[in-house]
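> Sharing a structure with you now.
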Amino acid sequence: MRKRTLYVWGVAILCFVVLMIVTPAIPQSQEYHNFADQREFFGIPNTLNVISNFPFLVIGVIGLVLCFYKNYFKFSLQGELWGWTCFFIGVAAVGVGSLYYHLDPNDARLVWDRLPMTIAFTSIMAIFIIERIDEQKGTISIIPLLLAGVVSILYWRFFDDLRPYAVVQFVPCIVIPLMAILLPPMYTHSTYWLWAAAFYLLAKVEEAEDKVIYKWTHHIVSGHTLKHLCAAMVPVFLTLMLAKRTTETNRISLLKTWKVSWTKVNENGTRVESREYVYTSVQSEDSH
């Protein structure tokens with residue numbers, strides 16, 4: 001098992017090295033800081049982009065408190081507590097860091113926006129390993145994954161190359177939904193993971209269409225402001241999941257659950273068609 005773990009890490013590192021060799025550097029575009037909505041209200045620059053970060057701070061603090069308040073989330077593993085603690089610290093820090101960045105958008109301040117996000121992304125990866133693969137491996141992976149996130153930010157800042165950060169941000173976006181669907185869950189309410197992923201995807205679309213959305217809404221709200229609000233729904237869904245879930249007695253992946261449900265739907269449909277056919281046949285015989 002240890003050799004297998006080392007093999008997986010080795011393959012992952014090799015893939016990353018190859019990626020860094022065959023792809024060109026991705027510098028930080030200064031146009032990124034030119035957001036659509038730059039209005040100022042009550043003396044606050046970029047007001048809506050600033051205040052729309054408060055939900056992160058609120059849900060991050062709530063989640064962090066509930067992690068330790070009488071074991072409200074009913075964690076059964078020590079690694080879970082550490083992983084979710086790191087996640088909610090990251091979420092709360094996003095609220096502060098992103099607020100700080102949007103008061104005066106520039107590369108130096110962007111570090112404090114992105115750093116908390118990497119903490120949230122990487123801790124979620126560790127949590128999934130703990131819950132769906134192996135507790136010990138997941139717990140051990142918390143620190144290396146967090147360090148990988150921090151290094152990706154430092155690499156971008158010192159070498160003006162976003163490739164490592166892009167890997168840290170987008171790999172979890174692909175891997176987590178796949179793991180949620182394919183791997184048997186330890187707890188109930190796994191579909192909340194998919195809702196969280198869907199809202200994050202929507203947030204990325206809104207971020208990309210910042211100026212278009214601002215124009216569509218007649219300069220009422222920008223895509224970036226909506227991005228903040230949608231992204232804040234991710235920890236909201238995950239907090240609700242933690243509050244509602246119980247230990248899964250019958251560990252079946254979502255994919256298998258969907259297959260079983262689809263099979264039942266098809267069987268019910270076939271039965272209905274058979275009954276209709278028999279009823280039609282009887283009616284036809286009676287008429288003759």
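Identifiers in the structure tokens: chain A, B, ... in order shown; residue index from 1 per chain; ligand index from 1 in order shown.
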Applying 7 Å and only C-alpha atoms, which residues near Ile26 of chain A remain after dropping the ones on its own chain fewer than 6 positions away? List them as a list in words.
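Counting only the stated atoms, we get Asp161, Leu162 and Arg163 of chain A.
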> Name the residues of segment 23-68 of chain A that fall into helix (DSSP H, G or I) according to DSSP on the backbone, using the chain letters and numbers of this document, as an MDAnalysis selection string.
chainID A and resid 30:33 47:51 54:68
> Restrict the calculation to only C-alpha atoms, then for each residue of segment 155-182 of chain A with any atom at most 12 Å from an atom of segment 96-116 of chain A give the closest atom pair and their distance in Å to one decimal, rows by chain and rising residue number, as CSV.

```
residue,atom,partner,partner_atom,distance
A:Tyr155,CA,A:Val111,CA,11.0
A:Trp156,CA,A:Val111,CA,9.1
A:Arg157,CA,A:Val111,CA,7.5
A:Phe158,CA,A:Ala108,CA,10.9
A:Asp160,CA,A:Asp107,CA,9.8
A:Leu162,CA,A:Arg114,CA,11.3
A:Tyr165,CA,A:Arg114,CA,8.9
A:Ala166,CA,A:Arg114,CA,11.0
A:Val168,CA,A:Arg114,CA,10.9
A:Gln169,CA,A:Arg114,CA,9.6
```
> Take the residues that were just selected and, keeping all heavy atoms, output them as an mmCIF file, in the first residue's frame.

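Okay, out_23.cif is ready:
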```
data_model
loop_
_atom_site.group_PDB
_atom_site.id
_atom_site.type_symbol
_atom_site.label_atom_id
_atom_site.label_comp_id
_atom_site.auth_asym_id
_atom_site.auth_seq_id
_atom_site.Cartn_x
_atom_site.Cartn_y
_atom_site.Cartn_z
ATOM 1 N N TYR A 155 5.347 30.981 -6.364
ATOM 2 C CA TYR A 155 5.937 30.811 -7.701
ATOM 3 C C TYR A 155 5.371 31.861 -8.658
ATOM 4 O O TYR A 155 6.113 32.468 -9.431
ATOM 5 C CB TYR A 155 5.645 29.405 -8.224
ATOM 6 C CG TYR A 155 6.363 29.081 -9.518
ATOM 7 C CD1 TYR A 155 7.640 28.537 -9.496
ATOM 8 C CD2 TYR A 155 5.760 29.312 -10.752
ATOM 9 C CE1 TYR A 155 8.309 28.235 -10.683
ATOM 10 C CE2 TYR A 155 6.415 29.019 -11.935
ATOM 11 C CZ TYR A 155 7.689 28.479 -11.888
ATOM 12 O OH TYR A 155 8.342 28.203 -13.065
ATOM 13 N N TRP A 156 4.055 32.057 -8.586
ATOM 14 C CA TRP A 156 3.452 33.093 -9.448
ATOM 15 C C TRP A 156 4.000 34.471 -9.112
ATOM 16 O O TRP A 156 4.356 35.249 -10.005
ATOM 17 C CB TRP A 156 1.924 33.095 -9.276
ATOM 18 C CG TRP A 156 1.315 34.423 -9.619
ATOM 19 C CD1 TRP A 156 1.374 35.062 -10.826
ATOM 20 C CD2 TRP A 156 0.618 35.307 -8.730
ATOM 21 N NE1 TRP A 156 0.726 36.286 -10.742
ATOM 22 C CE2 TRP A 156 0.271 36.461 -9.471
ATOM 23 C CE3 TRP A 156 0.250 35.231 -7.387
ATOM 24 C CZ2 TRP A 156 -0.431 37.523 -8.916
ATOM 25 C CZ3 TRP A 156 -0.449 36.278 -6.828
ATOM 26 C CH2 TRP A 156 -0.779 37.409 -7.585
ATOM 27 N N ARG A 157 4.098 34.769 -7.814
ATOM 28 C CA ARG A 157 4.510 36.118 -7.404
ATOM 29 C C ARG A 157 5.955 36.425 -7.794
ATOM 30 O O ARG A 157 6.271 37.535 -8.218
ATOM 31 C CB ARG A 157 4.340 36.260 -5.881
ATOM 32 C CG ARG A 157 4.436 37.701 -5.403
ATOM 33 C CD ARG A 157 3.240 38.517 -5.869
ATOM 34 N NE ARG A 157 3.390 39.929 -5.516
ATOM 35 C CZ ARG A 157 3.785 40.879 -6.347
ATOM 36 N NH1 ARG A 157 4.079 40.586 -7.603
ATOM 37 N NH2 ARG A 157 3.887 42.126 -5.956
ATOM 38 N N PHE A 158 6.835 35.433 -7.657
ATOM 39 C CA PHE A 158 8.250 35.687 -7.925
ATOM 40 C C PHE A 158 8.639 35.481 -9.386
ATOM 41 O O PHE A 158 9.577 36.112 -9.874
ATOM 42 C CB PHE A 158 9.120 34.794 -7.024
ATOM 43 C CG PHE A 158 9.155 35.240 -5.602
ATOM 44 C CD1 PHE A 158 8.438 34.562 -4.621
ATOM 45 C CD2 PHE A 158 9.892 36.361 -5.226
ATOM 46 C CE1 PHE A 158 8.476 34.987 -3.295
ATOM 47 C CE2 PHE A 158 9.928 36.783 -3.906
ATOM 48 C CZ PHE A 158 9.220 36.101 -2.933
ATOM 49 N N ASP A 160 6.160 35.337 -12.011
ATOM 50 C CA ASP A 160 5.066 35.799 -12.871
ATOM 51 C C ASP A 160 4.586 34.684 -13.793
ATOM 52 O O ASP A 160 4.485 34.853 -15.005
ATOM 53 C CB ASP A 160 5.496 37.017 -13.691
ATOM 54 C CG ASP A 160 4.287 37.719 -14.335
ATOM 55 O OD1 ASP A 160 3.168 37.573 -13.812
ATOM 56 O OD2 ASP A 160 4.479 38.379 -15.379
ATOM 57 N N LEU A 162 1.531 31.668 -13.810
ATOM 58 C CA LEU A 162 0.324 31.171 -13.135
ATOM 59 C C LEU A 162 0.086 29.668 -13.288
ATOM 60 O O LEU A 162 -0.910 29.158 -12.772
ATOM 61 C CB LEU A 162 -0.904 31.922 -13.676
ATOM 62 C CG LEU A 162 -1.079 33.366 -13.204
ATOM 63 C CD1 LEU A 162 -2.130 34.071 -14.046
ATOM 64 C CD2 LEU A 162 -1.442 33.417 -11.734
ATOM 65 N N TYR A 165 -0.425 27.640 -10.014
ATOM 66 C CA TYR A 165 -1.672 28.069 -9.369
ATOM 67 C C TYR A 165 -2.885 27.544 -10.124
ATOM 68 O O TYR A 165 -3.874 27.132 -9.511
ATOM 69 C CB TYR A 165 -1.725 29.592 -9.279
ATOM 70 C CG TYR A 165 -3.052 30.107 -8.768
ATOM 71 C CD1 TYR A 165 -3.396 29.957 -7.427
ATOM 72 C CD2 TYR A 165 -3.966 30.715 -9.621
ATOM 73 C CE1 TYR A 165 -4.622 30.409 -6.951
ATOM 74 C CE2 TYR A 165 -5.186 31.174 -9.149
ATOM 75 C CZ TYR A 165 -5.508 31.025 -7.823
ATOM 76 O OH TYR A 165 -6.724 31.460 -7.356
ATOM 77 N N ALA A 166 -2.801 27.538 -11.462
ATOM 78 C CA ALA A 166 -3.909 27.021 -12.271
ATOM 79 C C ALA A 166 -4.151 25.544 -11.973
ATOM 80 O O ALA A 166 -5.299 25.091 -11.886
ATOM 81 C CB ALA A 166 -3.607 27.224 -13.755
ATOM 82 N N VAL A 168 -3.423 23.980 -9.106
ATOM 83 C CA VAL A 168 -3.983 23.890 -7.756
ATOM 84 C C VAL A 168 -5.458 24.271 -7.742
ATOM 85 O O VAL A 168 -6.263 23.688 -7.009
ATOM 86 C CB VAL A 168 -3.190 24.799 -6.783
ATOM 87 C CG1 VAL A 168 -3.917 24.942 -5.449
ATOM 88 C CG2 VAL A 168 -1.802 24.234 -6.560
ATOM 89 N N GLN A 169 -5.846 25.231 -8.592
ATOM 90 C CA GLN A 169 -7.232 25.687 -8.597
ATOM 91 C C GLN A 169 -8.143 24.759 -9.389
ATOM 92 O O GLN A 169 -9.247 24.435 -8.939
ATOM 93 C CB GLN A 169 -7.334 27.098 -9.167
ATOM 94 C CG GLN A 169 -8.755 27.651 -9.111
ATOM 95 C CD GLN A 169 -8.867 29.069 -9.652
ATOM 96 O OE1 GLN A 169 -8.189 29.419 -10.605
ATOM 97 N NE2 GLN A 169 -9.716 29.871 -9.052
#
```
> Could you tell me which of A:Leu64, A:Cys15, A:Met20, A:Leu229 comes closest to Leu242 of chain A if we count only C-alpha atoms?
A:Leu64
> Residues within 12 Å of segment 172-183 of chain A, please, as a VMD selection string. Count only C-alpha atoms; anything in the same chain fewer than 5 positions from it doesn't count.
chain A and resid 117 to 134 145 149 165 to 167 188 to 201 204 234 251 to 259
> For Ala36 of chain A, work out the shell of residues within 8 Å, counting only C-alpha atoms and skipping chain neighbours fewer than 6 positions away, then give it as a ChimeraX atom specification.
/A:210-211,214,222,224
> So, counting only C-alpha atoms, which residue among A:Val11, A:Tyr32, A:Val22, A:Leu202 is closest to Met233 of chain A?
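Of all the options, A:Leu202 lies closest to Met233 of chain A.
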> Excluding Phe41 of chain A and its own-chain neighbours fewer than 5 positions away, which residues fall within 12 Å of it when counting only C-alpha atoms? Please give them as a list in words.
Asn46, Thr47, Leu48, Asn49, Val50 and Ile51 of chain A
> Between A:Asn34, A:Pro164, A:Phe75, A:Thr249, which residue has the minimum interatomic distance to Ile13 of chain A, considering only C-alpha atoms?
A:Pro164
> If you measure from atom CA of Lys70 of chain A to atom CA of Glu135 of chain A, what distance in Å do you get, rounded to one decimal?
22.2 Å
> Rounded to one decimal place, report the atom CA of Trp82 of chain A-atom CA of Thr139 of chain A distance in Å.
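Straight-line distance from atom CA of Trp82 of chain A to atom CA of Thr139 of chain A works out to 8.0 Å.
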